[in-house]
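I have placed the structure first, in the form of structure tokens, so that the comments after it can refer back to it.
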Amino acid sequence: MKRLDGKIALITGGNSGIGLASARRFAREGAQVIVTARRKEVLDEATASIGHGAIGIVGDVADLAHHTHVASVVRERFGKLDVYMANAGVITIQPSADVTPEVYDAQFGVNTRGVFFGVQTIAPVMRDGGSIILTSSLAATRMLDGHAVYAGSKAAIAAFARHWTMEFRARRLRVNVLSPGPVDTAILAKLGVSEADRPAFLDAVSAQIPAGRMGTAEELAEAALFLASDAGAFVNGIELNVDGGMSAA
Ligand SMILES: NC(=O)c1ccc[n+]([C@@H]2O[C@H](COP(=O)([O-])OP(=O)(O)OC[C@H]3O[C@@H](n4cnc5c(N)ncnc54)[C@H](OP(=O)(O)O)[C@@H]3O)[C@@H](O)[C@H]2O)c1
């Protein structure tokens, strides 16, 4: 018996990095996976690589109509959802003095508003006793240069989770936060780290992590699987730091 046999799992930002690794891990454990993201080509490739009947839905989590569409696909094709991983995220690193309202809104629109309205819209199509996983960040609780807006947008997630743990109590929906430390994914290129600067960047970041290295998307996927599966059946309302010890340092 696999750990997610017969389960339906939906992962936002499932065409790259932590979301894609989680989708592949969940599918290997028997789940039927639905992944969402904005870039269709990348999503198509990802869906093919996940296997086990995975489907992709193109859309933007900042667009509330997208969540309504996803909920209707879940209802029509699968009936109910067992696992919702709200994982899509964006980051811009810059000093607060340089932040424009557009850059601020882009991060809060995806990382905060996208998570809030995603859960509001998807929870009604979840099976009672299901698992909601919200991907936050170590940045939410630690001082990091240039991270004020990103950190603020992620910090709200722990507060949402605490309240949803209470609000969804009658339905036994578990709500947990997955909080990654630095993980080597495509997000690094989006930060503007060039291929040439990459080794020095990885060394500098790794030096701040007690484990002495960055995490992998697969390690985050393993933690997500724990929260998604019955292994985490009595785990509710927590923030799971998967960061090589960086939050303790
Ligand atoms: N990697 C790290 O070091 C790290 C550390 C802490 C927290 N995190 C968090 O972990 C999560 C996953 O990040 P990652 O490292 O795996 O980065 P990634 O490889 O860049 O993946 C980000 C995913 O989010 C999707 N996405 C971005 N904006 C979206 C939008 N508006 N609507 C729908 N999908 C959107 C992207 O697909 P499209 O571009 O195709 O839409 C992509 O699938 C994020 O929430 C991130 O903040 C990452």
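Scheme for the structure tokens: letters A, B, ... for chains in order shown; per-chain residue numbers from 1; ligand numbers from 1 in order shown.
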Enumerate residues in contact with ligand 1: an atom-to-atom distance of at most 6 Å, counting only C-alpha atoms and all ligand atoms. Format the result as a PyMOL selection string. chain A and resi 12-19+37-39+59-62+87-90+110+135-138+180-187
Could you save those same residues with C-alpha atoms as a PDB file, in the first residue's frame?
```pdb
ATOM      1  CA  THR A  12      -0.035  25.287  -7.192  1.00  0.00           C
ATOM      2  CA  GLY A  13       3.293  26.210  -8.775  1.00  0.00           C
ATOM      3  CA  GLY A  14       3.628  22.552  -9.718  1.00  0.00           C
ATOM      4  CA  ASN A  15       5.709  22.961 -12.882  1.00  0.00           C
ATOM      5  CA  SER A  16       9.008  23.792 -11.172  1.00  0.00           C
ATOM      6  CA  GLY A  17      11.149  23.368  -8.073  1.00  0.00           C
ATOM      7  CA  ILE A  18       9.501  22.328  -4.814  1.00  0.00           C
ATOM      8  CA  GLY A  19       6.010  22.051  -6.334  1.00  0.00           C
ATOM      9  CA  ALA A  37       1.100  27.331 -12.991  1.00  0.00           C
ATOM     10  CA  ARG A  38       1.135  30.172 -15.531  1.00  0.00           C
ATOM     11  CA  ARG A  39       3.593  28.917 -18.193  1.00  0.00           C
ATOM     12  CA  GLY A  59      -3.614  29.981 -14.516  1.00  0.00           C
ATOM     13  CA  ASP A  60      -2.472  32.707 -12.186  1.00  0.00           C
ATOM     14  CA  VAL A  61      -3.107  32.310  -8.448  1.00  0.00           C
ATOM     15  CA  ALA A  62      -3.411  36.089  -8.168  1.00  0.00           C
ATOM     16  CA  ASN A  87       2.960  26.510  -3.077  1.00  0.00           C
ATOM     17  CA  ALA A  88       3.224  29.061  -5.927  1.00  0.00           C
ATOM     18  CA  GLY A  89       5.426  31.961  -4.895  1.00  0.00           C
ATOM     19  CA  VAL A  90       7.432  34.882  -6.236  1.00  0.00           C
ATOM     20  CA  VAL A 110       0.695  35.747  -5.308  1.00  0.00           C
ATOM     21  CA  THR A 135       4.541  26.874   1.481  1.00  0.00           C
ATOM     22  CA  SER A 136       6.002  29.792   3.415  1.00  0.00           C
ATOM     23  CA  SER A 137       9.685  30.655   3.867  1.00  0.00           C
ATOM     24  CA  LEU A 138      12.423  30.924   6.431  1.00  0.00           C
ATOM     25  CA  PRO A 180      11.834  25.983   3.415  1.00  0.00           C
ATOM     26  CA  GLY A 181      15.255  27.443   3.958  1.00  0.00           C
ATOM     27  CA  PRO A 182      17.421  28.093   0.882  1.00  0.00           C
ATOM     28  CA  VAL A 183      16.667  25.439  -1.734  1.00  0.00           C
ATOM     29  CA  ASP A 184      18.444  25.138  -5.066  1.00  0.00           C
ATOM     30  CA  THR A 185      15.573  25.690  -7.534  1.00  0.00           C
ATOM     31  CA  ALA A 186      14.770  27.891 -10.536  1.00  0.00           C
ATOM     32  CA  ILE A 187      13.896  30.665  -8.090  1.00  0.00           C
TER      33      ILE A 187
END
```
In range 126-243 of chain A, what's alpha helix (DSSP H) per DSSP? Answer as a ChimeraX atom specification? /A:148-167,187-190,198-206,217-228
Which residues come within 9 Å of Lys2 in chain A, counting only C-alpha atoms, excluding same-chain residues fewer than 5 positions away, as a ChimeraX atom specification? /A:28-31
Selection: 9 Å around Val70 in chain A, only C-alpha atoms, excl. self and same-chain fewer than 5 positions, as an NGL selection string: :A and (36 or 57 or 59 or 65 or 75 or 121-122)
Of the candidates A:Ala123, A:Ala156, A:Ala221, A:Leu240, which one gets nearest to Phe108 in chain A if we count only C-alpha atoms? A:Ala156
Within 7 Å of Met85 in chain A using only C-alpha atoms, minus same-chain residues under 5 positions, as a CSV table (one decimal) with all heavy atoms, in the first residue's frame:
```csv
chain,number,residue,atom,x,y,z
A,10,LEU,N,-3.7,18.5,-5.2
A,10,LEU,CA,-3.6,19.7,-6.1
A,10,LEU,C,-2.4,20.5,-5.6
A,10,LEU,O,-2.4,20.8,-4.4
A,10,LEU,CB,-4.9,20.5,-6.0
A,10,LEU,CG,-5.0,21.9,-6.6
A,10,LEU,CD1,-4.6,22.0,-8.0
A,10,LEU,CD2,-6.4,22.5,-6.4
A,11,ILE,N,-1.5,20.9,-6.5
A,11,ILE,CA,-0.3,21.7,-6.1
A,11,ILE,C,-0.2,22.9,-7.0
A,11,ILE,O,-0.1,22.8,-8.2
A,11,ILE,CB,0.9,20.8,-6.2
A,11,ILE,CG1,0.8,19.5,-5.4
A,11,ILE,CG2,2.2,21.6,-5.9
A,11,ILE,CD1,2.0,18.6,-5.5
A,12,THR,N,-0.2,24.1,-6.4
A,12,THR,CA,0.0,25.3,-7.2
A,12,THR,C,1.5,25.5,-7.4
A,12,THR,O,2.3,25.2,-6.5
A,12,THR,CB,-0.7,26.5,-6.5
A,12,THR,OG1,0.1,26.9,-5.4
A,12,THR,CG2,-2.1,26.3,-6.1
A,132,ILE,N,-4.1,20.5,4.1
A,132,ILE,CA,-3.8,21.7,3.4
A,132,ILE,C,-2.3,22.0,3.8
A,132,ILE,O,-2.0,22.1,5.0
A,132,ILE,CB,-4.7,22.9,3.8
A,132,ILE,CG1,-6.2,22.5,3.3
A,132,ILE,CG2,-4.3,24.2,3.1
A,132,ILE,CD1,-7.2,23.5,3.8
A,133,ILE,N,-1.5,22.3,2.8
A,133,ILE,CA,-0.1,22.6,3.1
A,133,ILE,C,0.2,23.9,2.4
A,133,ILE,O,0.0,24.1,1.2
A,133,ILE,CB,0.8,21.5,2.5
A,133,ILE,CG1,0.5,20.1,3.0
A,133,ILE,CG2,2.3,21.9,2.7
A,133,ILE,CD1,1.0,19.0,2.2
A,134,LEU,N,0.7,24.9,3.2
A,134,LEU,CA,1.0,26.2,2.7
A,134,LEU,C,2.5,26.4,2.7
A,134,LEU,O,3.2,26.3,3.8
A,134,LEU,CB,0.3,27.3,3.6
A,134,LEU,CG,-1.1,27.0,4.0
A,134,LEU,CD1,-1.6,28.0,5.0
A,134,LEU,CD2,-2.0,27.1,2.7
```
Find the spatial neighbours of Gly118 in chain A, counting only C-alpha atoms, within a cut-off of 9 Å - ignore same-chain residues fewer than 6 positions away - and output them as a tab-separated table (two decimals) with N, CA, C and O atoms, in the first residue's frame.
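Written file, result.tsv:
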```
chain	number	residue	atom	x	y	z
A	61	VAL	N	-2.46	32.37	-9.77
A	61	VAL	CA	-3.11	32.31	-8.45
A	61	VAL	C	-3.53	33.69	-7.93
A	61	VAL	O	-4.30	33.79	-6.97
A	62	ALA	N	-3.00	34.74	-8.58
A	62	ALA	CA	-3.41	36.09	-8.17
A	62	ALA	C	-4.78	36.46	-8.76
A	62	ALA	O	-5.38	37.46	-8.38
A	64	LEU	N	-8.50	35.56	-8.99
A	64	LEU	CA	-9.43	34.77	-8.16
A	64	LEU	C	-10.32	33.86	-9.01
A	64	LEU	O	-10.72	32.78	-8.57
A	66	HIS	N	-9.35	32.13	-11.43
A	66	HIS	CA	-8.57	30.90	-11.66
A	66	HIS	C	-8.91	29.85	-10.60
A	66	HIS	O	-9.12	28.67	-10.90
A	67	HIS	N	-8.98	30.27	-9.34
A	67	HIS	CA	-9.29	29.31	-8.26
A	67	HIS	C	-10.69	28.72	-8.45
A	67	HIS	O	-10.92	27.54	-8.21
A	68	THR	N	-11.63	29.57	-8.88
A	68	THR	CA	-13.00	29.09	-9.11
A	68	THR	C	-13.00	28.04	-10.22
A	68	THR	O	-13.66	27.01	-10.12
A	86	ALA	N	-0.70	24.82	-1.42
A	86	ALA	CA	-0.63	26.18	-1.96
A	86	ALA	C	0.83	26.60	-1.91
A	86	ALA	O	1.35	27.02	-0.86
```
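Separating CA of Ser96 in chain A from CA of Thr112 in chain A is a distance of 18.3 Å.
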Can you pull out every residue from range 26-193 of chain A that DSSP, working from the backbone, puts in strand (DSSP E or B), and format the result as a PyMOL selection string? chain A and resi 32-37+55-58+81-86+126-135+174-180+183
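Closest approach to Pro95 in chain A from the set A:Gly237, A:Gly146, A:Pro210, A:Gly245 is made by A:Gly146, with distances taken over only C-alpha atoms.
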For Gln107 in chain A, work out the shell of residues within 7 Å, counting only C-alpha atoms and skipping chain neighbours fewer than 2 positions away, then give it as an MDAnalysis selection string. chainID A and resid 90:91 103:105 109:111 150 153
Selection from above, all heavy atoms, as a JSON list (two decimals), in the first residue's frame, can you write it?
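Written out: selection.json:
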```json
[["chain", "number", "residue", "atom", "x", "y", "z"],
["A", 90, "VAL", "N", 6.49, 34.02, -5.50],
["A", 90, "VAL", "CA", 7.43, 34.88, -6.24],
["A", 90, "VAL", "C", 8.21, 35.72, -5.23],
["A", 90, "VAL", "O", 7.76, 35.98, -4.12],
["A", 90, "VAL", "CB", 6.70, 35.81, -7.24],
["A", 90, "VAL", "CG1", 6.15, 35.02, -8.40],
["A", 90, "VAL", "CG2", 5.60, 36.62, -6.56],
["A", 91, "ILE", "N", 9.39, 36.14, -5.66],
["A", 91, "ILE", "CA", 10.25, 36.94, -4.77],
["A", 91, "ILE", "C", 10.98, 38.01, -5.57],
["A", 91, "ILE", "O", 11.42, 37.76, -6.70],
["A", 91, "ILE", "CB", 11.26, 36.04, -4.03],
["A", 91, "ILE", "CG1", 12.15, 36.85, -3.08],
["A", 91, "ILE", "CG2", 12.12, 35.23, -5.01],
["A", 91, "ILE", "CD1", 12.98, 36.00, -2.12],
["A", 103, "VAL", "N", 5.69, 46.30, -7.32],
["A", 103, "VAL", "CA", 6.49, 45.15, -6.85],
["A", 103, "VAL", "C", 5.89, 44.59, -5.56],
["A", 103, "VAL", "O", 5.81, 43.38, -5.35],
["A", 103, "VAL", "CB", 7.97, 45.58, -6.65],
["A", 103, "VAL", "CG1", 8.75, 44.50, -5.91],
["A", 103, "VAL", "CG2", 8.62, 45.87, -8.00],
["A", 104, "TYR", "N", 5.44, 45.49, -4.70],
["A", 104, "TYR", "CA", 4.80, 45.07, -3.44],
["A", 104, "TYR", "C", 3.53, 44.25, -3.75],
["A", 104, "TYR", "O", 3.36, 43.13, -3.25],
["A", 104, "TYR", "CB", 4.43, 46.32, -2.63],
["A", 104, "TYR", "CG", 3.74, 46.04, -1.32],
["A", 104, "TYR", "CD1", 4.45, 46.03, -0.13],
["A", 104, "TYR", "CD2", 2.36, 45.78, -1.28],
["A", 104, "TYR", "CE1", 3.80, 45.75, 1.08],
["A", 104, "TYR", "CE2", 1.73, 45.51, -0.09],
["A", 104, "TYR", "CZ", 2.45, 45.50, 1.09],
["A", 104, "TYR", "OH", 1.82, 45.22, 2.27],
["A", 105, "ASP", "N", 2.68, 44.80, -4.61],
["A", 105, "ASP", "CA", 1.41, 44.12, -4.92],
["A", 105, "ASP", "C", 1.65, 42.77, -5.61],
["A", 105, "ASP", "O", 0.89, 41.83, -5.39],
["A", 105, "ASP", "CB", 0.53, 45.00, -5.82],
["A", 105, "ASP", "CG", -0.04, 46.19, -5.06],
["A", 105, "ASP", "OD1", 0.02, 46.19, -3.82],
["A", 105, "ASP", "OD2", -0.55, 47.13, -5.72],
["A", 109, "GLY", "N", 0.18, 39.73, -3.96],
["A", 109, "GLY", "CA", -0.89, 39.16, -4.80],
["A", 109, "GLY", "C", -0.77, 37.67, -4.97],
["A", 109, "GLY", "O", -1.76, 36.94, -4.94],
["A", 110, "VAL", "N", 0.47, 37.19, -5.12],
["A", 110, "VAL", "CA", 0.70, 35.75, -5.31],
["A", 110, "VAL", "C", 0.86, 35.06, -3.95],
["A", 110, "VAL", "O", 0.16, 34.09, -3.63],
["A", 110, "VAL", "CB", 1.95, 35.51, -6.18],
["A", 110, "VAL", "CG1", 2.28, 34.02, -6.27],
["A", 110, "VAL", "CG2", 1.74, 36.09, -7.57],
["A", 111, "ASN", "N", 1.79, 35.55, -3.15],
["A", 111, "ASN", "CA", 2.21, 34.83, -1.94],
["A", 111, "ASN", "C", 1.17, 34.88, -0.82],
["A", 111, "ASN", "O", 1.13, 33.98, 0.02],
["A", 111, "ASN", "CB", 3.52, 35.43, -1.40],
["A", 111, "ASN", "CG", 4.67, 35.34, -2.40],
["A", 111, "ASN", "OD1", 4.57, 34.63, -3.38],
["A", 111, "ASN", "ND2", 5.74, 36.06, -2.15],
["A", 150, "TYR", "N", 8.90, 40.42, 0.69],
["A", 150, "TYR", "CA", 8.72, 38.97, 0.56],
["A", 150, "TYR", "C", 8.42, 38.37, 1.93],
["A", 150, "TYR", "O", 7.48, 37.57, 2.08],
["A", 150, "TYR", "CB", 9.98, 38.36, -0.05],
["A", 150, "TYR", "CG", 9.97, 36.85, -0.17],
["A", 150, "TYR", "CD1", 9.18, 36.21, -1.12],
["A", 150, "TYR", "CD2", 10.78, 36.06, 0.65],
["A", 150, "TYR", "CE1", 9.19, 34.83, -1.24],
["A", 150, "TYR", "CE2", 10.79, 34.68, 0.54],
["A", 150, "TYR", "CZ", 9.99, 34.06, -0.41],
["A", 150, "TYR", "OH", 10.00, 32.69, -0.53],
["A", 153, "SER", "N", 4.98, 39.13, 3.07],
["A", 153, "SER", "CA", 3.97, 38.39, 2.31],
["A", 153, "SER", "C", 3.88, 36.94, 2.77],
["A", 153, "SER", "O", 2.83, 36.31, 2.70],
["A", 153, "SER", "CB", 4.26, 38.45, 0.80],
["A", 153, "SER", "OG", 5.37, 37.64, 0.46]]
```
Could you check how far CA of Arg162 in chain A sits from CA of Leu178 in chain A, in Å to one decimal?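 Atom-to-atom, CA of Arg162 in chain A and CA of Leu178 in chain A are spaced 13.2 Å apart.
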